[in-house]
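For reference, coords_39.txt (compact mmCIF, N, CA and C atoms):
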# COMPACT_ATOMS: atom_id res chain seq x y z
N MET A 11 -10.48 100.80 -59.26
CA MET A 11 -10.37 101.43 -57.98
C MET A 11 -8.90 101.59 -57.56
N TRP A 12 -8.06 100.57 -57.82
CA TRP A 12 -6.67 100.64 -57.38
C TRP A 12 -5.86 101.67 -58.16
N ILE A 13 -6.26 101.96 -59.36
CA ILE A 13 -5.57 103.03 -60.10
C ILE A 13 -5.82 104.36 -59.37
N GLU A 14 -7.06 104.58 -58.98
CA GLU A 14 -7.39 105.81 -58.24
C GLU A 14 -6.70 105.84 -56.88
N LEU A 15 -6.65 104.70 -56.19
CA LEU A 15 -5.97 104.66 -54.90
C LEU A 15 -4.47 104.88 -55.06
N HIS A 16 -3.91 104.39 -56.15
CA HIS A 16 -2.48 104.63 -56.40
C HIS A 16 -2.22 106.12 -56.58
N LEU A 17 -3.08 106.78 -57.33
CA LEU A 17 -2.93 108.23 -57.51
C LEU A 17 -3.09 108.96 -56.18
N ARG A 18 -4.05 108.53 -55.36
CA ARG A 18 -4.24 109.14 -54.04
C ARG A 18 -3.03 108.89 -53.15
N PHE A 19 -2.44 107.71 -53.27
CA PHE A 19 -1.24 107.37 -52.52
C PHE A 19 -0.10 108.34 -52.89
N GLU A 20 0.09 108.56 -54.18
CA GLU A 20 1.14 109.48 -54.62
C GLU A 20 0.87 110.90 -54.13
N ASP A 21 -0.39 111.32 -54.19
CA ASP A 21 -0.75 112.65 -53.66
C ASP A 21 -0.45 112.74 -52.17
N ALA A 22 -0.81 111.69 -51.43
CA ALA A 22 -0.58 111.67 -49.99
C ALA A 22 0.91 111.77 -49.68
N LEU A 23 1.73 111.07 -50.44
CA LEU A 23 3.18 111.17 -50.25
C LEU A 23 3.67 112.58 -50.50
N ALA A 24 3.21 113.16 -51.60
CA ALA A 24 3.63 114.52 -51.95
C ALA A 24 3.18 115.54 -50.91
N GLU A 25 2.03 115.29 -50.31
CA GLU A 25 1.48 116.20 -49.30
C GLU A 25 2.02 115.92 -47.90
N GLY A 26 2.76 114.83 -47.75
CA GLY A 26 3.25 114.45 -46.43
C GLY A 26 2.18 113.88 -45.53
N ASP A 27 1.11 113.36 -46.12
CA ASP A 27 -0.01 112.80 -45.37
C ASP A 27 0.29 111.33 -45.04
N GLN A 28 1.10 111.12 -44.00
CA GLN A 28 1.52 109.77 -43.63
C GLN A 28 0.35 108.90 -43.17
N HIS A 29 -0.67 109.52 -42.61
CA HIS A 29 -1.85 108.76 -42.19
C HIS A 29 -2.51 108.10 -43.40
N MET A 30 -2.69 108.86 -44.48
CA MET A 30 -3.31 108.30 -45.68
C MET A 30 -2.40 107.26 -46.32
N VAL A 31 -1.10 107.52 -46.37
CA VAL A 31 -0.14 106.55 -46.91
C VAL A 31 -0.29 105.24 -46.16
N SER A 32 -0.30 105.30 -44.84
CA SER A 32 -0.43 104.09 -44.02
C SER A 32 -1.75 103.37 -44.24
N ARG A 33 -2.81 104.14 -44.36
CA ARG A 33 -4.13 103.53 -44.58
C ARG A 33 -4.18 102.78 -45.90
N ILE A 34 -3.63 103.37 -46.94
CA ILE A 34 -3.64 102.71 -48.25
C ILE A 34 -2.76 101.47 -48.24
N LEU A 35 -1.59 101.56 -47.61
CA LEU A 35 -0.72 100.39 -47.51
C LEU A 35 -1.37 99.26 -46.71
N ARG A 36 -2.05 99.60 -45.62
CA ARG A 36 -2.75 98.57 -44.83
C ARG A 36 -3.88 97.93 -45.64
N TYR A 37 -4.60 98.74 -46.40
CA TYR A 37 -5.68 98.20 -47.22
C TYR A 37 -5.12 97.30 -48.32
N ALA A 38 -4.03 97.71 -48.93
CA ALA A 38 -3.40 96.88 -49.96
C ALA A 38 -2.96 95.54 -49.37
N ASP A 39 -2.36 95.58 -48.18
CA ASP A 39 -1.93 94.36 -47.51
C ASP A 39 -3.12 93.45 -47.24
N TRP A 40 -4.21 94.03 -46.76
CA TRP A 40 -5.41 93.25 -46.49
C TRP A 40 -5.94 92.61 -47.78
N CYS A 41 -5.93 93.37 -48.87
CA CYS A 41 -6.43 92.84 -50.15
C CYS A 41 -5.62 91.64 -50.64
N MET A 42 -4.37 91.56 -50.21
CA MET A 42 -3.49 90.46 -50.61
C MET A 42 -3.51 89.31 -49.60
N SER A 43 -4.37 89.41 -48.59
CA SER A 43 -4.39 88.40 -47.54
C SER A 43 -5.61 87.48 -47.68
N GLU A 44 -5.52 86.36 -47.01
CA GLU A 44 -6.64 85.40 -46.97
C GLU A 44 -7.86 86.01 -46.27
N GLU A 45 -7.64 87.04 -45.45
CA GLU A 45 -8.76 87.71 -44.78
C GLU A 45 -9.72 88.32 -45.79
N ALA A 46 -9.21 88.70 -46.95
CA ALA A 46 -10.04 89.30 -48.00
C ALA A 46 -10.73 88.24 -48.84
N GLY A 47 -10.36 86.99 -48.64
CA GLY A 47 -10.94 85.90 -49.40
C GLY A 47 -9.87 84.96 -49.92
N ARG A 48 -10.31 83.89 -50.49
CA ARG A 48 -9.40 82.88 -51.01
C ARG A 48 -8.50 83.47 -52.09
N LEU A 49 -7.21 83.15 -52.02
CA LEU A 49 -6.23 83.68 -52.96
C LEU A 49 -5.86 82.65 -54.01
N PRO A 50 -5.51 83.08 -55.19
CA PRO A 50 -5.60 84.45 -55.69
C PRO A 50 -7.05 84.83 -55.96
N SER A 51 -7.29 86.12 -55.94
CA SER A 51 -8.64 86.62 -56.17
C SER A 51 -8.57 87.84 -57.09
N GLU A 52 -9.71 88.31 -57.51
CA GLU A 52 -9.75 89.53 -58.32
C GLU A 52 -9.18 90.70 -57.52
N THR A 53 -9.44 90.70 -56.22
CA THR A 53 -8.96 91.77 -55.36
C THR A 53 -7.44 91.75 -55.26
N SER A 54 -6.86 90.58 -55.01
CA SER A 54 -5.40 90.50 -54.88
C SER A 54 -4.72 90.79 -56.21
N THR A 55 -5.31 90.36 -57.30
CA THR A 55 -4.75 90.64 -58.62
C THR A 55 -4.80 92.14 -58.91
N ALA A 56 -5.90 92.78 -58.56
CA ALA A 56 -6.05 94.21 -58.81
C ALA A 56 -5.00 95.01 -58.04
N VAL A 57 -4.81 94.70 -56.77
CA VAL A 57 -3.83 95.45 -55.99
C VAL A 57 -2.41 95.18 -56.48
N ALA A 58 -2.14 93.96 -56.91
CA ALA A 58 -0.81 93.64 -57.43
C ALA A 58 -0.54 94.39 -58.73
N CYS A 59 -1.51 94.37 -59.64
CA CYS A 59 -1.30 94.94 -60.98
C CYS A 59 -1.44 96.46 -61.04
N ALA A 60 -2.31 97.02 -60.23
CA ALA A 60 -2.57 98.47 -60.32
C ALA A 60 -1.90 99.28 -59.22
N PHE A 61 -1.25 98.60 -58.27
CA PHE A 61 -0.62 99.34 -57.18
C PHE A 61 0.82 98.86 -56.96
N TYR A 62 0.96 97.65 -56.42
CA TYR A 62 2.29 97.19 -56.05
C TYR A 62 3.28 97.15 -57.20
N GLU A 63 2.85 96.73 -58.38
CA GLU A 63 3.76 96.66 -59.54
C GLU A 63 4.39 98.01 -59.85
N HIS A 64 3.66 99.07 -59.59
CA HIS A 64 4.10 100.40 -60.01
C HIS A 64 4.94 101.14 -58.97
N LEU A 65 4.88 100.75 -57.73
CA LEU A 65 5.64 101.45 -56.70
C LEU A 65 7.14 101.48 -57.00
N PRO A 66 7.76 100.37 -57.41
CA PRO A 66 9.21 100.40 -57.66
C PRO A 66 9.63 101.21 -58.89
N GLN A 67 8.68 101.60 -59.71
CA GLN A 67 9.03 102.42 -60.87
C GLN A 67 9.48 103.81 -60.43
N ARG A 68 9.16 104.18 -59.22
CA ARG A 68 9.59 105.46 -58.65
C ARG A 68 10.75 105.18 -57.70
N ARG A 69 11.96 105.31 -58.20
CA ARG A 69 13.15 104.98 -57.40
C ARG A 69 13.22 105.79 -56.11
N GLU A 70 12.64 106.96 -56.10
CA GLU A 70 12.66 107.75 -54.87
C GLU A 70 11.85 107.10 -53.76
N TYR A 71 11.01 106.13 -54.10
CA TYR A 71 10.25 105.40 -53.10
C TYR A 71 11.07 104.28 -52.46
N TRP A 72 12.07 103.80 -53.15
CA TRP A 72 12.80 102.62 -52.69
C TRP A 72 13.27 102.72 -51.24
N PRO A 73 13.87 103.82 -50.82
CA PRO A 73 14.30 103.89 -49.42
C PRO A 73 13.14 103.81 -48.42
N LEU A 74 11.95 104.12 -48.87
CA LEU A 74 10.78 104.08 -48.00
C LEU A 74 10.23 102.66 -47.82
N PHE A 75 10.61 101.76 -48.71
CA PHE A 75 10.09 100.39 -48.65
C PHE A 75 10.35 99.74 -47.28
N ARG A 76 11.49 100.05 -46.67
CA ARG A 76 11.82 99.44 -45.36
C ARG A 76 10.81 99.85 -44.30
N SER A 77 10.25 101.05 -44.41
CA SER A 77 9.23 101.45 -43.44
C SER A 77 7.84 101.01 -43.88
N TRP A 78 7.66 100.76 -45.14
CA TRP A 78 6.34 100.36 -45.64
C TRP A 78 6.09 98.87 -45.54
N PHE A 79 7.15 98.05 -45.71
CA PHE A 79 6.98 96.60 -45.83
C PHE A 79 7.89 95.85 -44.86
N SER A 80 7.32 94.90 -44.16
CA SER A 80 8.14 94.01 -43.34
C SER A 80 9.03 93.19 -44.28
N GLN A 81 10.02 92.52 -43.72
CA GLN A 81 10.89 91.67 -44.54
C GLN A 81 10.06 90.62 -45.27
N LYS A 82 9.10 90.02 -44.58
CA LYS A 82 8.26 88.99 -45.22
C LYS A 82 7.42 89.59 -46.35
N GLN A 83 6.81 90.73 -46.09
CA GLN A 83 6.02 91.37 -47.15
C GLN A 83 6.90 91.68 -48.36
N PHE A 84 8.06 92.25 -48.10
CA PHE A 84 8.97 92.61 -49.19
C PHE A 84 9.36 91.37 -49.99
N THR A 85 9.73 90.31 -49.30
CA THR A 85 10.12 89.07 -49.98
C THR A 85 8.95 88.49 -50.77
N ASP A 86 7.77 88.47 -50.18
CA ASP A 86 6.59 87.93 -50.86
C ASP A 86 6.21 88.77 -52.08
N LEU A 87 6.40 90.09 -51.98
CA LEU A 87 6.01 90.99 -53.07
C LEU A 87 7.11 91.20 -54.11
N LEU A 88 8.30 90.70 -53.86
CA LEU A 88 9.41 90.95 -54.77
C LEU A 88 9.11 90.56 -56.22
N PRO A 89 8.47 89.42 -56.49
CA PRO A 89 8.13 89.12 -57.89
C PRO A 89 7.19 90.17 -58.51
N VAL A 90 6.29 90.70 -57.71
CA VAL A 90 5.37 91.74 -58.19
C VAL A 90 6.15 93.04 -58.39
N PHE A 91 6.98 93.39 -57.41
CA PHE A 91 7.79 94.60 -57.53
C PHE A 91 8.68 94.55 -58.77
N GLY A 92 9.15 93.38 -59.11
CA GLY A 92 10.07 93.23 -60.22
C GLY A 92 9.43 93.19 -61.59
N TYR A 93 8.11 93.26 -61.66
CA TYR A 93 7.43 93.10 -62.94
C TYR A 93 7.89 94.11 -63.99
N HIS A 94 8.06 95.36 -63.60
CA HIS A 94 8.47 96.41 -64.54
C HIS A 94 9.95 96.77 -64.43
N LEU A 95 10.71 95.97 -63.67
CA LEU A 95 12.12 96.26 -63.46
C LEU A 95 13.01 95.24 -64.16
N SER A 96 14.22 95.66 -64.47
CA SER A 96 15.20 94.72 -64.98
C SER A 96 15.75 93.90 -63.82
N HIS A 97 16.49 92.84 -64.15
CA HIS A 97 17.11 92.03 -63.09
C HIS A 97 18.09 92.86 -62.28
N LEU A 98 18.81 93.75 -62.95
CA LEU A 98 19.75 94.62 -62.23
C LEU A 98 19.02 95.57 -61.29
N ASP A 99 17.88 96.10 -61.75
CA ASP A 99 17.09 96.99 -60.89
C ASP A 99 16.55 96.25 -59.67
N VAL A 100 16.12 95.00 -59.86
CA VAL A 100 15.63 94.21 -58.73
C VAL A 100 16.76 94.00 -57.72
N ALA A 101 17.95 93.71 -58.22
CA ALA A 101 19.12 93.55 -57.33
C ALA A 101 19.39 94.85 -56.57
N ASP A 102 19.29 95.98 -57.26
CA ASP A 102 19.49 97.28 -56.60
C ASP A 102 18.41 97.55 -55.56
N LEU A 103 17.17 97.21 -55.89
CA LEU A 103 16.07 97.39 -54.95
C LEU A 103 16.32 96.58 -53.69
N LYS A 104 16.77 95.34 -53.84
CA LYS A 104 17.09 94.50 -52.68
C LYS A 104 18.17 95.14 -51.82
N LYS A 105 19.18 95.71 -52.47
CA LYS A 105 20.26 96.36 -51.72
C LYS A 105 19.75 97.57 -50.95
N VAL A 106 18.93 98.36 -51.60
CA VAL A 106 18.37 99.54 -50.92
C VAL A 106 17.52 99.09 -49.74
N TYR A 107 16.70 98.06 -49.95
CA TYR A 107 15.85 97.56 -48.85
C TYR A 107 16.72 97.08 -47.69
N ALA A 108 17.81 96.42 -48.01
CA ALA A 108 18.70 95.89 -46.97
C ALA A 108 19.53 96.98 -46.31
N GLY A 109 19.49 98.18 -46.87
CA GLY A 109 20.25 99.29 -46.30
C GLY A 109 21.68 99.30 -46.77
N ALA A 110 21.97 98.55 -47.84
CA ALA A 110 23.34 98.44 -48.34
C ALA A 110 23.65 99.48 -49.41
N ALA A 111 22.65 100.23 -49.82
CA ALA A 111 22.89 101.21 -50.90
C ALA A 111 22.61 102.61 -50.43

Just dump the structure as structure tokens.
Amino acid sequence: MWIELHLRFEDALAEGDQHMVSRILRYADWCMSEEAGRLPSETSTAVACAFYEHLPQRREYWPLFRSWFSQKQFTDLLPVFGYHLSHLDVADLKKVYAGAA
């Protein structure tokens, strides 16, 4: 399901459908919360592996992370965001999030 939602998320971004972007981000956040059940769970693993891990692979998304993720969310998700990135890329992502790049 999260692979399909990731594709829908990318379509929504391309179409400028901010409502859908927000809905998918809120659902992803919920899936990673205790409200969805005891963590870790199949749900939290699915959203981490099929959605969050892949967002940083699109560098054009990086400047949007500040509007998508609170500081706490960003910090909590940084290990997931870094899964497909080099250490240098993770450092660059942090700078972009901080507004330093």

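Pairwise distance (atom C of Ala108 in chain A, atom N of Gln83 in chain A) equals 14.2 Å.
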
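Note that the spacing between atom N of Arg68 in chain A and CA of Ser51 in chain A amounts to 25.2 Å.
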
Those of range 20-104 of chain A in DSSP alpha helix (DSSP H), formatted as a tab-separated table (two decimals) with N, CA and C atoms, in the coordinates of the input:
chain	number	residue	atom	x	y	z
A	20	GLU	N	0.09	108.56	-54.18
A	20	GLU	CA	1.14	109.48	-54.62
A	20	GLU	C	0.87	110.90	-54.13
A	21	ASP	N	-0.39	111.32	-54.19
A	21	ASP	CA	-0.75	112.65	-53.66
A	21	ASP	C	-0.45	112.74	-52.17
A	22	ALA	N	-0.81	111.69	-51.43
A	22	ALA	CA	-0.58	111.67	-49.99
A	22	ALA	C	0.91	111.77	-49.68
A	23	LEU	N	1.73	111.07	-50.44
A	23	LEU	CA	3.18	111.17	-50.25
A	23	LEU	C	3.67	112.58	-50.50
A	24	ALA	N	3.21	113.16	-51.60
A	24	ALA	CA	3.63	114.52	-51.95
A	24	ALA	C	3.18	115.54	-50.91
A	25	GLU	N	2.03	115.29	-50.31
A	25	GLU	CA	1.48	116.20	-49.30
A	25	GLU	C	2.02	115.92	-47.90
A	28	GLN	N	1.10	111.12	-44.00
A	28	GLN	CA	1.52	109.77	-43.63
A	28	GLN	C	0.35	108.90	-43.17
A	29	HIS	N	-0.67	109.52	-42.61
A	29	HIS	CA	-1.85	108.76	-42.19
A	29	HIS	C	-2.51	108.10	-43.40
A	30	MET	N	-2.69	108.86	-44.48
A	30	MET	CA	-3.31	108.30	-45.68
A	30	MET	C	-2.40	107.26	-46.32
A	31	VAL	N	-1.10	107.52	-46.37
A	31	VAL	CA	-0.14	106.55	-46.91
A	31	VAL	C	-0.29	105.24	-46.16
A	32	SER	N	-0.30	105.30	-44.84
A	32	SER	CA	-0.43	104.09	-44.02
A	32	SER	C	-1.75	103.37	-44.24
A	33	ARG	N	-2.81	104.14	-44.36
A	33	ARG	CA	-4.13	103.53	-44.58
A	33	ARG	C	-4.18	102.78	-45.90
A	34	ILE	N	-3.63	103.37	-46.94
A	34	ILE	CA	-3.64	102.71	-48.25
A	34	ILE	C	-2.76	101.47	-48.24
A	35	LEU	N	-1.59	101.56	-47.61
A	35	LEU	CA	-0.72	100.39	-47.51
A	35	LEU	C	-1.37	99.26	-46.71
A	36	ARG	N	-2.05	99.60	-45.62
A	36	ARG	CA	-2.75	98.57	-44.83
A	36	ARG	C	-3.88	97.93	-45.64
A	37	TYR	N	-4.60	98.74	-46.40
A	37	TYR	CA	-5.68	98.20	-47.22
A	37	TYR	C	-5.12	97.30	-48.32
A	38	ALA	N	-4.03	97.71	-48.93
A	38	ALA	CA	-3.40	96.88	-49.96
A	38	ALA	C	-2.96	95.54	-49.37
A	39	ASP	N	-2.36	95.58	-48.18
A	39	ASP	CA	-1.93	94.36	-47.51
A	39	ASP	C	-3.12	93.45	-47.24
A	40	TRP	N	-4.21	94.03	-46.76
A	40	TRP	CA	-5.41	93.25	-46.49
A	40	TRP	C	-5.94	92.61	-47.78
A	41	CYS	N	-5.93	93.37	-48.87
A	41	CYS	CA	-6.43	92.84	-50.15
A	41	CYS	C	-5.62	91.64	-50.64
A	52	GLU	N	-9.71	88.31	-57.51
A	52	GLU	CA	-9.75	89.53	-58.32
A	52	GLU	C	-9.18	90.70	-57.52
A	53	THR	N	-9.44	90.70	-56.22
A	53	THR	CA	-8.96	91.77	-55.36
A	53	THR	C	-7.44	91.75	-55.26
A	54	SER	N	-6.86	90.58	-55.01
A	54	SER	CA	-5.40	90.50	-54.88
A	54	SER	C	-4.72	90.79	-56.21
A	55	THR	N	-5.31	90.36	-57.30
A	55	THR	CA	-4.75	90.64	-58.62
A	55	THR	C	-4.80	92.14	-58.91
A	56	ALA	N	-5.90	92.78	-58.56
A	56	ALA	CA	-6.05	94.21	-58.81
A	56	ALA	C	-5.00	95.01	-58.04
A	57	VAL	N	-4.81	94.70	-56.77
A	57	VAL	CA	-3.83	95.45	-55.99
A	57	VAL	C	-2.41	95.18	-56.48
A	58	ALA	N	-2.14	93.96	-56.91
A	58	ALA	CA	-0.81	93.64	-57.43
A	58	ALA	C	-0.54	94.39	-58.73
A	59	CYS	N	-1.51	94.37	-59.64
A	59	CYS	CA	-1.30	94.94	-60.98
A	59	CYS	C	-1.44	96.46	-61.04
A	60	ALA	N	-2.31	97.02	-60.23
A	60	ALA	CA	-2.57	98.47	-60.32
A	60	ALA	C	-1.90	99.28	-59.22
A	75	PHE	N	10.61	101.76	-48.71
A	75	PHE	CA	10.09	100.39	-48.65
A	75	PHE	C	10.35	99.74	-47.28
A	76	ARG	N	11.49	100.05	-46.67
A	76	ARG	CA	11.82	99.44	-45.36
A	76	ARG	C	10.81	99.85	-44.30
A	77	SER	N	10.25	101.05	-44.41
A	77	SER	CA	9.23	101.45	-43.44
A	77	SER	C	7.84	101.01	-43.88
A	78	TRP	N	7.66	100.76	-45.14
A	78	TRP	CA	6.34	100.36	-45.64
A	78	TRP	C	6.09	98.87	-45.54
A	81	GLN	N	10.02	92.52	-43.72
A	81	GLN	CA	10.89	91.67	-44.54
A	81	GLN	C	10.06	90.62	-45.27
A	82	LYS	N	9.10	90.02	-44.58
A	82	LYS	CA	8.26	88.99	-45.22
A	82	LYS	C	7.42	89.59	-46.35
A	83	GLN	N	6.81	90.73	-46.09
A	83	GLN	CA	6.02	91.37	-47.15
A	83	GLN	C	6.90	91.68	-48.36
A	84	PHE	N	8.06	92.25	-48.10
A	84	PHE	CA	8.97	92.61	-49.19
A	84	PHE	C	9.36	91.37	-49.99
A	85	THR	N	9.73	90.31	-49.30
A	85	THR	CA	10.12	89.07	-49.98
A	85	THR	C	8.95	88.49	-50.77
A	86	ASP	N	7.77	88.47	-50.18
A	86	ASP	CA	6.59	87.93	-50.86
A	86	ASP	C	6.21	88.77	-52.08
A	87	LEU	N	6.40	90.09	-51.98
A	87	LEU	CA	6.01	90.99	-53.07
A	87	LEU	C	7.11	91.20	-54.11
A	88	LEU	N	8.30	90.70	-53.86
A	88	LEU	CA	9.41	90.95	-54.77
A	88	LEU	C	9.11	90.56	-56.22
A	89	PRO	N	8.47	89.42	-56.49
A	89	PRO	CA	8.13	89.12	-57.89
A	89	PRO	C	7.19	90.17	-58.51
A	90	VAL	N	6.29	90.70	-57.71
A	90	VAL	CA	5.37	91.74	-58.19
A	90	VAL	C	6.15	93.04	-58.39
A	91	PHE	N	6.98	93.39	-57.41
A	91	PHE	CA	7.79	94.60	-57.53
A	91	PHE	C	8.68	94.55	-58.77
A	97	HIS	N	16.49	92.84	-64.15
A	97	HIS	CA	17.11	92.03	-63.09
A	97	HIS	C	18.09	92.86	-62.28
A	98	LEU	N	18.81	93.75	-62.95
A	98	LEU	CA	19.75	94.62	-62.23
A	98	LEU	C	19.02	95.57	-61.29
A	99	ASP	N	17.88	96.10	-61.75
A	99	ASP	CA	17.09	96.99	-60.89
A	99	ASP	C	16.55	96.25	-59.67
A	100	VAL	N	16.12	95.00	-59.86
A	100	VAL	CA	15.63	94.21	-58.73
A	100	VAL	C	16.76	94.00	-57.72
A	101	ALA	N	17.95	93.71	-58.22
A	101	ALA	CA	19.12	93.55	-57.33
A	101	ALA	C	19.39	94.85	-56.57
A	102	ASP	N	19.29	95.98	-57.26
A	102	ASP	CA	19.49	97.28	-56.60
A	102	ASP	C	18.41	97.55	-55.56
A	103	LEU	N	17.17	97.21	-55.89
A	103	LEU	CA	16.07	97.39	-54.95
A	103	LEU	C	16.32	96.58	-53.69
A	104	LYS	N	16.77	95.34	-53.84
A	104	LYS	CA	17.09	94.50	-52.68
A	104	LYS	C	18.17	95.14	-51.82

Practice task
Would you kindly return, as a PyMOL selection string, each protein, DNA or RNA residue with an atom no farther than 12 Å from any atom of Ser77 in chain A, considering only C-alpha atoms and excluding same-chain residues fewer than 5 positions away?
Solution key: chain A and resi 28+31-32+35+71-72+83-84+106-109

Exercise for the section: Pick out the residues sitting within 10 Å of Asp99 in chain A, and hand them over as number ranges by chain; count only C-alpha atoms, and ignore anything fewer than 5 positions along from it in its own chain. Expected result: A: 66-67, 69, 92, 94, 104-105

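The spacing separating CA of Phe19 in chain A from CA of Ala56 in chain A amounts to 15.4 Å.
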
Report, as lines of an AutoDock Vina configuration file, the centre and edge lengths in Å (one decimal) of the axis-aligned box enclosing every listed atom of range 46-53 of chain A, padded by 6 Å on each side.
center_x = -8.2
center_y = 87.2
center_z = -52.6
size_x = 17.4
size_y = 21.1
size_z = 23.4

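The nearest approach to His64 in chain A among the residues A:Phe91, A:Asp86, A:Pro50, A:Cys41, with all atoms listed in the file taken into account, belongs to A:Phe91.
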
Exercise for the section: Give me the residues within 8 Å of Ala38 in chain A as a PyMOL selection string, counting only C-alpha atoms and dropping any in the same chain fewer than 4 places off. Expected result: chain A and resi 34+42+57

How would the residues just chosen look if you wrote them out with N, CA and C atoms as a short mmCIF file (atom, residue, chain, number, x, y, z; two decimals), keeping the file's coordinate frame?
data_model
loop_
_atom_site.label_atom_id
_atom_site.label_comp_id
_atom_site.auth_asym_id
_atom_site.auth_seq_id
_atom_site.Cartn_x
_atom_site.Cartn_y
_atom_site.Cartn_z
N ILE A 34 -3.63 103.37 -46.94
CA ILE A 34 -3.64 102.71 -48.25
C ILE A 34 -2.76 101.47 -48.24
N MET A 42 -4.37 91.56 -50.21
CA MET A 42 -3.49 90.46 -50.61
C MET A 42 -3.51 89.31 -49.60
N VAL A 57 -4.81 94.70 -56.77
CA VAL A 57 -3.83 95.45 -55.99
C VAL A 57 -2.41 95.18 -56.48
#

Selection: 8 Å around Tyr93 in chain A, all atoms listed in the file, excl. self and same-chain fewer than 4 positions, as a tab-separated table (two decimals) with N, CA and C atoms, in the frame of the given file:
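Written out: selection13.tsv:
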chain	number	residue	atom	x	y	z
A	62	TYR	N	0.96	97.65	-56.42
A	62	TYR	CA	2.29	97.19	-56.05
A	62	TYR	C	3.28	97.15	-57.20
A	63	GLU	N	2.85	96.73	-58.38
A	63	GLU	CA	3.76	96.66	-59.54
A	63	GLU	C	4.39	98.01	-59.85
A	64	HIS	N	3.66	99.07	-59.59
A	64	HIS	CA	4.10	100.40	-60.01
A	64	HIS	C	4.94	101.14	-58.97
A	87	LEU	N	6.40	90.09	-51.98
A	87	LEU	CA	6.01	90.99	-53.07
A	87	LEU	C	7.11	91.20	-54.11
A	88	LEU	N	8.30	90.70	-53.86
A	88	LEU	CA	9.41	90.95	-54.77
A	88	LEU	C	9.11	90.56	-56.22
A	89	PRO	N	8.47	89.42	-56.49
A	89	PRO	CA	8.13	89.12	-57.89
A	89	PRO	C	7.19	90.17	-58.51
